[in-house]
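Raw target09.txt, compact mmCIF, N, CA and C atoms:
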# COMPACT_ATOMS: atom_id res chain seq x y z
N MET A 1 15.12 19.10 36.56
CA MET A 1 13.75 19.57 36.41
C MET A 1 13.66 20.66 35.34
N LYS A 2 14.71 21.45 35.22
CA LYS A 2 14.71 22.52 34.22
C LYS A 2 14.63 21.97 32.81
N ILE A 3 15.25 20.82 32.56
CA ILE A 3 15.24 20.22 31.22
C ILE A 3 13.82 19.87 30.81
N LEU A 4 13.05 19.31 31.72
CA LEU A 4 11.65 18.97 31.42
C LEU A 4 10.82 20.22 31.14
N GLU A 5 11.08 21.28 31.87
CA GLU A 5 10.35 22.53 31.65
C GLU A 5 10.69 23.12 30.27
N ILE A 6 11.98 23.05 29.93
CA ILE A 6 12.40 23.57 28.63
C ILE A 6 11.78 22.74 27.51
N ALA A 7 11.79 21.40 27.68
CA ALA A 7 11.19 20.51 26.67
C ALA A 7 9.70 20.80 26.53
N LYS A 8 9.02 20.96 27.67
CA LYS A 8 7.58 21.23 27.61
C LYS A 8 7.29 22.56 26.94
N SER A 9 8.09 23.57 27.28
CA SER A 9 7.85 24.87 26.65
C SER A 9 8.16 24.80 25.15
N GLY A 10 9.12 23.96 24.75
CA GLY A 10 9.42 23.77 23.33
C GLY A 10 8.27 23.12 22.60
N LEU A 11 7.62 22.17 23.25
CA LEU A 11 6.49 21.48 22.63
C LEU A 11 5.26 22.39 22.53
N ASP A 12 5.25 23.45 23.32
CA ASP A 12 4.12 24.38 23.28
C ASP A 12 4.28 25.49 22.24
N LEU A 13 5.44 25.52 21.57
CA LEU A 13 5.63 26.52 20.51
C LEU A 13 4.65 26.27 19.37
N VAL A 14 4.10 27.33 18.83
CA VAL A 14 3.07 27.20 17.80
C VAL A 14 3.65 27.57 16.44
N PHE A 15 3.46 26.66 15.47
CA PHE A 15 3.82 26.90 14.07
C PHE A 15 2.62 26.56 13.22
N TYR A 16 2.18 27.51 12.43
CA TYR A 16 1.05 27.31 11.53
C TYR A 16 -0.17 26.74 12.26
N ASN A 17 -0.52 27.35 13.38
CA ASN A 17 -1.72 27.03 14.18
C ASN A 17 -1.67 25.69 14.90
N ASN A 18 -0.51 25.04 14.96
CA ASN A 18 -0.36 23.79 15.69
C ASN A 18 0.91 23.88 16.54
N THR A 19 0.88 23.21 17.67
CA THR A 19 2.07 23.21 18.52
C THR A 19 3.05 22.15 18.02
N LEU A 20 4.30 22.28 18.43
CA LEU A 20 5.29 21.25 18.09
C LEU A 20 4.86 19.91 18.66
N GLY A 21 4.19 19.95 19.81
CA GLY A 21 3.66 18.71 20.40
C GLY A 21 2.63 18.05 19.50
N ASP A 22 1.79 18.86 18.87
CA ASP A 22 0.79 18.32 17.94
C ASP A 22 1.48 17.64 16.75
N TYR A 23 2.50 18.32 16.22
CA TYR A 23 3.24 17.74 15.09
C TYR A 23 3.97 16.46 15.50
N ALA A 24 4.56 16.50 16.69
CA ALA A 24 5.28 15.31 17.18
C ALA A 24 4.31 14.14 17.36
N LEU A 25 3.15 14.42 17.92
CA LEU A 25 2.15 13.37 18.10
C LEU A 25 1.66 12.83 16.76
N ALA A 26 1.45 13.72 15.80
CA ALA A 26 1.02 13.27 14.47
C ALA A 26 2.10 12.40 13.83
N PHE A 27 3.37 12.79 13.98
CA PHE A 27 4.47 12.00 13.42
C PHE A 27 4.55 10.63 14.08
N LEU A 28 4.43 10.58 15.40
CA LEU A 28 4.46 9.29 16.11
C LEU A 28 3.29 8.41 15.69
N ASN A 29 2.12 9.03 15.54
CA ASN A 29 0.95 8.27 15.07
C ASN A 29 1.16 7.76 13.66
N LEU A 30 1.79 8.56 12.81
CA LEU A 30 2.07 8.15 11.44
C LEU A 30 2.98 6.92 11.43
N VAL A 31 4.06 6.99 12.17
CA VAL A 31 4.99 5.86 12.24
C VAL A 31 4.29 4.62 12.80
N ALA A 32 3.55 4.81 13.87
CA ALA A 32 2.85 3.67 14.49
C ALA A 32 1.83 3.06 13.54
N LEU A 33 1.07 3.89 12.85
CA LEU A 33 0.05 3.38 11.94
C LEU A 33 0.66 2.64 10.75
N VAL A 34 1.75 3.16 10.20
CA VAL A 34 2.43 2.47 9.09
C VAL A 34 2.96 1.12 9.57
N ILE A 35 3.54 1.09 10.76
CA ILE A 35 4.06 -0.17 11.31
C ILE A 35 2.93 -1.15 11.55
N ILE A 36 1.83 -0.69 12.12
CA ILE A 36 0.68 -1.56 12.40
C ILE A 36 0.11 -2.12 11.10
N LEU A 37 -0.05 -1.27 10.11
CA LEU A 37 -0.57 -1.74 8.82
C LEU A 37 0.38 -2.74 8.16
N SER A 38 1.67 -2.47 8.22
CA SER A 38 2.66 -3.38 7.61
C SER A 38 2.67 -4.73 8.33
N LEU A 39 2.66 -4.70 9.65
CA LEU A 39 2.66 -5.96 10.41
C LEU A 39 1.35 -6.72 10.21
N SER A 40 0.24 -6.00 10.16
CA SER A 40 -1.06 -6.64 9.93
C SER A 40 -1.10 -7.32 8.57
N LYS A 41 -0.57 -6.61 7.56
CA LYS A 41 -0.52 -7.20 6.22
C LYS A 41 0.34 -8.44 6.21
N ARG A 42 1.50 -8.36 6.85
CA ARG A 42 2.42 -9.50 6.89
C ARG A 42 1.77 -10.70 7.58
N LEU A 43 1.08 -10.46 8.68
CA LEU A 43 0.40 -11.53 9.40
C LEU A 43 -0.72 -12.13 8.56
N LEU A 44 -1.52 -11.27 7.94
CA LEU A 44 -2.62 -11.72 7.10
C LEU A 44 -2.11 -12.52 5.91
N VAL A 45 -1.07 -12.02 5.25
CA VAL A 45 -0.51 -12.73 4.10
C VAL A 45 0.04 -14.09 4.53
N SER A 46 0.70 -14.12 5.66
CA SER A 46 1.26 -15.38 6.14
C SER A 46 0.17 -16.42 6.40
N ARG A 47 -0.89 -15.99 7.05
CA ARG A 47 -1.98 -16.93 7.35
C ARG A 47 -2.74 -17.35 6.09
N LEU A 48 -3.00 -16.39 5.22
CA LEU A 48 -3.71 -16.73 3.98
C LEU A 48 -2.85 -17.61 3.08
N ASP A 49 -1.54 -17.40 3.10
CA ASP A 49 -0.63 -18.22 2.29
C ASP A 49 -0.66 -19.67 2.76
N LYS A 50 -0.70 -19.87 4.06
CA LYS A 50 -0.79 -21.24 4.59
C LYS A 50 -2.09 -21.91 4.15
N LEU A 51 -3.18 -21.15 4.19
CA LEU A 51 -4.46 -21.69 3.74
C LEU A 51 -4.45 -21.98 2.24
N ALA A 52 -3.85 -21.08 1.48
CA ALA A 52 -3.83 -21.23 0.02
C ALA A 52 -3.00 -22.43 -0.42
N LYS A 53 -1.98 -22.75 0.33
CA LYS A 53 -1.13 -23.89 -0.04
C LYS A 53 -1.84 -25.23 0.16
N ARG A 54 -2.93 -25.23 0.90
CA ARG A 54 -3.69 -26.46 1.12
C ARG A 54 -4.61 -26.80 -0.05
N THR A 55 -4.82 -25.84 -0.92
CA THR A 55 -5.74 -26.07 -2.04
C THR A 55 -4.97 -26.50 -3.29
N LEU A 56 -5.70 -27.05 -4.23
CA LEU A 56 -5.07 -27.53 -5.46
C LEU A 56 -4.98 -26.45 -6.53
N ASN A 57 -5.85 -25.47 -6.49
CA ASN A 57 -5.81 -24.42 -7.53
C ASN A 57 -4.80 -23.34 -7.15
N ASP A 58 -4.46 -22.52 -8.12
CA ASP A 58 -3.48 -21.48 -7.86
C ASP A 58 -4.10 -20.08 -7.78
N PHE A 59 -5.41 -19.99 -7.92
CA PHE A 59 -6.06 -18.69 -7.88
C PHE A 59 -5.93 -18.04 -6.51
N ASP A 60 -6.09 -18.82 -5.46
CA ASP A 60 -5.96 -18.25 -4.12
C ASP A 60 -4.51 -17.84 -3.84
N ASP A 61 -3.56 -18.60 -4.38
CA ASP A 61 -2.15 -18.19 -4.26
C ASP A 61 -1.92 -16.85 -4.95
N PHE A 62 -2.57 -16.68 -6.10
CA PHE A 62 -2.48 -15.43 -6.84
C PHE A 62 -3.06 -14.27 -6.03
N LEU A 63 -4.21 -14.49 -5.41
CA LEU A 63 -4.82 -13.43 -4.59
C LEU A 63 -3.94 -13.05 -3.41
N VAL A 64 -3.30 -14.05 -2.80
CA VAL A 64 -2.39 -13.77 -1.69
C VAL A 64 -1.20 -12.95 -2.19
N SER A 65 -0.70 -13.27 -3.38
CA SER A 65 0.43 -12.50 -3.92
C SER A 65 0.03 -11.06 -4.21
N LEU A 66 -1.21 -10.85 -4.66
CA LEU A 66 -1.69 -9.48 -4.87
C LEU A 66 -1.70 -8.70 -3.57
N LEU A 67 -2.19 -9.34 -2.52
CA LEU A 67 -2.22 -8.70 -1.21
C LEU A 67 -0.80 -8.43 -0.71
N ALA A 68 0.10 -9.36 -0.95
CA ALA A 68 1.49 -9.20 -0.51
C ALA A 68 2.19 -8.04 -1.21
N ASN A 69 1.73 -7.69 -2.40
CA ASN A 69 2.37 -6.62 -3.16
C ASN A 69 1.93 -5.22 -2.75
N ILE A 70 0.97 -5.11 -1.86
CA ILE A 70 0.59 -3.80 -1.35
C ILE A 70 1.72 -3.33 -0.43
N GLY A 71 2.25 -2.15 -0.74
CA GLY A 71 3.46 -1.75 -0.05
C GLY A 71 3.35 -0.53 0.82
N ALA A 72 4.49 -0.15 1.33
CA ALA A 72 4.60 0.97 2.27
C ALA A 72 4.09 2.30 1.71
N PRO A 73 4.28 2.60 0.42
CA PRO A 73 3.75 3.89 -0.06
C PRO A 73 2.23 4.03 0.14
N VAL A 74 1.50 2.95 -0.07
CA VAL A 74 0.06 2.99 0.15
C VAL A 74 -0.24 3.20 1.63
N PHE A 75 0.46 2.45 2.48
CA PHE A 75 0.24 2.60 3.92
C PHE A 75 0.60 4.01 4.39
N LEU A 76 1.67 4.55 3.86
CA LEU A 76 2.11 5.89 4.24
C LEU A 76 1.09 6.94 3.80
N ALA A 77 0.61 6.84 2.58
CA ALA A 77 -0.36 7.82 2.07
C ALA A 77 -1.67 7.76 2.85
N VAL A 78 -2.15 6.57 3.12
CA VAL A 78 -3.41 6.42 3.87
C VAL A 78 -3.22 6.91 5.30
N SER A 79 -2.11 6.54 5.91
CA SER A 79 -1.85 6.95 7.29
C SER A 79 -1.71 8.47 7.40
N LEU A 80 -1.02 9.07 6.44
CA LEU A 80 -0.83 10.51 6.46
C LEU A 80 -2.16 11.25 6.42
N CYS A 81 -3.07 10.72 5.65
CA CYS A 81 -4.39 11.33 5.56
C CYS A 81 -5.10 11.31 6.92
N PHE A 82 -4.98 10.19 7.64
CA PHE A 82 -5.66 10.06 8.93
C PHE A 82 -4.98 10.87 10.04
N VAL A 83 -3.66 10.85 10.09
CA VAL A 83 -2.99 11.51 11.21
C VAL A 83 -3.02 13.04 11.10
N THR A 84 -3.29 13.56 9.93
CA THR A 84 -3.36 15.02 9.79
C THR A 84 -4.77 15.56 10.04
N LEU A 85 -5.75 14.68 10.23
CA LEU A 85 -7.12 15.15 10.47
C LEU A 85 -7.23 16.08 11.67
N PRO A 86 -6.61 15.76 12.82
CA PRO A 86 -6.75 16.67 13.97
C PRO A 86 -5.93 17.96 13.86
N LEU A 87 -5.00 18.02 12.93
CA LEU A 87 -4.18 19.21 12.79
C LEU A 87 -4.93 20.32 12.05
N GLU A 88 -4.63 21.54 12.42
CA GLU A 88 -5.19 22.69 11.70
C GLU A 88 -4.23 23.02 10.58
N ILE A 89 -4.57 22.56 9.38
CA ILE A 89 -3.72 22.83 8.22
C ILE A 89 -4.59 23.43 7.12
N SER A 90 -3.95 24.11 6.23
CA SER A 90 -4.70 24.80 5.18
C SER A 90 -5.36 23.78 4.24
N GLU A 91 -6.35 24.27 3.57
CA GLU A 91 -7.08 23.42 2.62
C GLU A 91 -6.17 22.99 1.48
N GLU A 92 -5.23 23.84 1.12
CA GLU A 92 -4.29 23.49 0.05
C GLU A 92 -3.40 22.31 0.45
N VAL A 93 -2.93 22.31 1.70
CA VAL A 93 -2.11 21.19 2.19
C VAL A 93 -2.96 19.93 2.26
N ARG A 94 -4.19 20.05 2.71
CA ARG A 94 -5.08 18.87 2.74
C ARG A 94 -5.30 18.32 1.33
N ARG A 95 -5.45 19.21 0.36
CA ARG A 95 -5.63 18.79 -1.02
C ARG A 95 -4.39 18.04 -1.53
N ILE A 96 -3.21 18.53 -1.16
CA ILE A 96 -1.97 17.85 -1.55
C ILE A 96 -1.89 16.47 -0.92
N ILE A 97 -2.27 16.38 0.34
CA ILE A 97 -2.27 15.08 1.04
C ILE A 97 -3.26 14.13 0.38
N ARG A 98 -4.45 14.62 0.07
CA ARG A 98 -5.44 13.77 -0.61
C ARG A 98 -4.96 13.35 -1.99
N SER A 99 -4.34 14.27 -2.70
CA SER A 99 -3.81 13.94 -4.03
C SER A 99 -2.72 12.89 -3.94
N THR A 100 -1.89 12.99 -2.94
CA THR A 100 -0.84 11.99 -2.72
C THR A 100 -1.47 10.63 -2.44
N GLN A 101 -2.51 10.63 -1.63
CA GLN A 101 -3.20 9.38 -1.32
C GLN A 101 -3.83 8.79 -2.59
N VAL A 102 -4.50 9.62 -3.36
CA VAL A 102 -5.12 9.14 -4.60
C VAL A 102 -4.07 8.61 -5.56
N LEU A 103 -2.95 9.31 -5.67
CA LEU A 103 -1.86 8.87 -6.55
C LEU A 103 -1.31 7.51 -6.12
N ALA A 104 -1.05 7.36 -4.83
CA ALA A 104 -0.52 6.08 -4.33
C ALA A 104 -1.52 4.94 -4.56
N LEU A 105 -2.78 5.19 -4.29
CA LEU A 105 -3.80 4.15 -4.49
C LEU A 105 -4.01 3.85 -5.97
N THR A 106 -3.93 4.87 -6.81
CA THR A 106 -4.07 4.66 -8.26
C THR A 106 -2.92 3.83 -8.81
N ILE A 107 -1.70 4.16 -8.41
CA ILE A 107 -0.55 3.38 -8.86
C ILE A 107 -0.67 1.94 -8.40
N GLN A 108 -1.09 1.74 -7.14
CA GLN A 108 -1.26 0.38 -6.64
C GLN A 108 -2.35 -0.36 -7.42
N ALA A 109 -3.43 0.34 -7.73
CA ALA A 109 -4.51 -0.28 -8.50
C ALA A 109 -4.04 -0.67 -9.90
N ILE A 110 -3.26 0.20 -10.54
CA ILE A 110 -2.73 -0.11 -11.87
C ILE A 110 -1.81 -1.31 -11.83
N LEU A 111 -0.92 -1.34 -10.84
CA LEU A 111 -0.01 -2.49 -10.70
C LEU A 111 -0.79 -3.79 -10.46
N THR A 112 -1.84 -3.69 -9.65
CA THR A 112 -2.67 -4.85 -9.37
C THR A 112 -3.40 -5.31 -10.63
N LEU A 113 -3.95 -4.37 -11.38
CA LEU A 113 -4.64 -4.72 -12.62
C LEU A 113 -3.69 -5.34 -13.63
N GLN A 114 -2.46 -4.87 -13.68
CA GLN A 114 -1.47 -5.48 -14.57
C GLN A 114 -1.22 -6.94 -14.20
N GLU A 115 -1.14 -7.20 -12.92
CA GLU A 115 -0.94 -8.58 -12.47
C GLU A 115 -2.15 -9.45 -12.78
N VAL A 116 -3.34 -8.89 -12.64
CA VAL A 116 -4.56 -9.63 -12.95
C VAL A 116 -4.60 -9.96 -14.45
N VAL A 117 -4.25 -9.00 -15.28
CA VAL A 117 -4.22 -9.23 -16.73
C VAL A 117 -3.18 -10.29 -17.07
N LYS A 118 -2.02 -10.20 -16.48
CA LYS A 118 -0.96 -11.18 -16.72
C LYS A 118 -1.43 -12.58 -16.31
N TYR A 119 -2.06 -12.68 -15.16
CA TYR A 119 -2.57 -13.97 -14.69
C TYR A 119 -3.62 -14.50 -15.65
N GLY A 120 -4.54 -13.64 -16.08
CA GLY A 120 -5.60 -14.06 -17.00
C GLY A 120 -5.05 -14.52 -18.33
N ILE A 121 -4.12 -13.77 -18.89
CA ILE A 121 -3.52 -14.15 -20.17
C ILE A 121 -2.77 -15.47 -20.03
N THR A 122 -2.02 -15.60 -18.95
CA THR A 122 -1.26 -16.84 -18.74
C THR A 122 -2.20 -18.04 -18.64
N LYS A 123 -3.24 -17.91 -17.86
CA LYS A 123 -4.20 -19.02 -17.70
C LYS A 123 -4.88 -19.35 -19.02
N PHE A 124 -5.33 -18.33 -19.74
CA PHE A 124 -6.01 -18.55 -21.00
C PHE A 124 -5.09 -19.21 -22.01
N TYR A 125 -3.88 -18.72 -22.12
CA TYR A 125 -2.95 -19.26 -23.12
C TYR A 125 -2.56 -20.70 -22.80
N HIS A 126 -2.32 -20.98 -21.52
CA HIS A 126 -1.96 -22.35 -21.14
C HIS A 126 -3.14 -23.31 -21.31
N ARG A 127 -4.34 -22.79 -21.18
CA ARG A 127 -5.52 -23.64 -21.36
C ARG A 127 -5.75 -23.94 -22.84
N THR A 128 -5.52 -22.93 -23.71
CA THR A 128 -5.76 -23.14 -25.14
C THR A 128 -4.61 -23.84 -25.83
N ARG A 129 -3.39 -23.65 -25.34
CA ARG A 129 -2.20 -24.28 -25.93
C ARG A 129 -1.32 -24.83 -24.80
N PRO A 130 -1.71 -25.95 -24.25
CA PRO A 130 -1.03 -26.45 -23.05
C PRO A 130 0.43 -26.85 -23.25
N ASN A 131 0.81 -27.30 -24.41
CA ASN A 131 2.18 -27.80 -24.60
C ASN A 131 3.00 -26.95 -25.55
N ASP A 132 2.71 -25.68 -25.62
CA ASP A 132 3.42 -24.79 -26.53
C ASP A 132 4.75 -24.35 -25.90
N PRO A 133 5.89 -24.71 -26.53
CA PRO A 133 7.19 -24.34 -25.95
C PRO A 133 7.46 -22.84 -26.00
N ALA A 134 6.80 -22.13 -26.86
CA ALA A 134 7.01 -20.68 -26.98
C ALA A 134 6.07 -19.88 -26.09
N SER A 135 5.38 -20.56 -25.21
CA SER A 135 4.35 -19.88 -24.41
C SER A 135 4.91 -18.75 -23.56
N THR A 136 6.07 -18.91 -22.99
CA THR A 136 6.63 -17.86 -22.14
C THR A 136 6.85 -16.58 -22.93
N THR A 137 7.39 -16.70 -24.11
CA THR A 137 7.64 -15.52 -24.95
C THR A 137 6.33 -14.88 -25.40
N VAL A 138 5.39 -15.70 -25.81
CA VAL A 138 4.09 -15.18 -26.27
C VAL A 138 3.38 -14.47 -25.13
N ILE A 139 3.37 -15.08 -23.97
CA ILE A 139 2.69 -14.48 -22.81
C ILE A 139 3.35 -13.15 -22.44
N LYS A 140 4.67 -13.14 -22.43
CA LYS A 140 5.41 -11.91 -22.09
C LYS A 140 5.07 -10.80 -23.07
N ASN A 141 5.03 -11.12 -24.35
CA ASN A 141 4.70 -10.13 -25.37
C ASN A 141 3.26 -9.64 -25.25
N LEU A 142 2.33 -10.56 -25.01
CA LEU A 142 0.93 -10.16 -24.85
C LEU A 142 0.74 -9.25 -23.63
N VAL A 143 1.41 -9.59 -22.55
CA VAL A 143 1.30 -8.77 -21.34
C VAL A 143 1.87 -7.38 -21.60
N ASN A 144 2.99 -7.31 -22.29
CA ASN A 144 3.58 -6.00 -22.62
C ASN A 144 2.66 -5.17 -23.50
N ILE A 145 1.99 -5.82 -24.45
CA ILE A 145 1.05 -5.11 -25.31
C ILE A 145 -0.12 -4.56 -24.50
N VAL A 146 -0.65 -5.37 -23.62
CA VAL A 146 -1.80 -4.94 -22.80
C VAL A 146 -1.40 -3.80 -21.85
N ARG A 147 -0.19 -3.87 -21.31
CA ARG A 147 0.29 -2.80 -20.43
C ARG A 147 0.32 -1.49 -21.19

What do you get writing this file as structure tokens?
Amino acid sequence: MKILEIAKSGLDLVFYNNTLGDYALAFLNLVALVIILSLSKRLLVSRLDKLAKRTLNDFDDFLVSLLANIGAPVFLAVSLCFVTLPLEISEEVRRIIRSTQVLALTIQAILTLQEVVKYGITKFYHRTRPNDPASTTVIKNLVNIVR
């Protein structure tokens, strides 16, 4: 019984206006939210991929691949923003968390836009020059220039 009392008193210790229990709960929520988002994405991508394979065009396959490329850094940044809402933290720390979220989302948006440009260039080039043997090199160079 003493161990439980010691653990409870440890969780009641206050650091920077929050108890260790508050921090522990925020951390558990962070881990749970990242796992839920990752599993949800995996399930959604799996189902959408099955649907996309039934069609003749490749645009829906491309959209599924864009969704599949959303990764853990985005989930972590978004989750961190939500789980720290109930905590009493300074405005400077909140600003850092928001900046981290904006950075992660911006990087993801840039990577996504690069893939969209690559897809567009590839489609356009193959449509205008369908049997060009140098198409891979030309497309790679054009994509690098646009990047």

For Gln114 (chain A), the nearest of the candidates A:Ala134, A:Val146, A:Ile139, A:Leu87, counting all atoms listed in the file: A:Val146

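Of the listed residues (A:Thr137, A:Arg47, A:Leu33, A:Leu142), A:Leu33 comes nearest to Val74 (chain A); the distances count only C-alpha atoms.
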
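Atom pair atom C of Val78 (chain A) / atom C of Val116 (chain A): separated by 26.0 Å.
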
Among listed residues A:Asn144, A:Thr112, A:Gln101, A:Thr84, nearest Tyr23 (chain A) (using only C-alpha atoms): A:Thr84

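Candidate residues A:Ile97, A:Val143, A:Glu92, A:Asp60 were compared for distance to Ile121 (chain A), and the nearest is A:Val143, using all atoms listed in the file.
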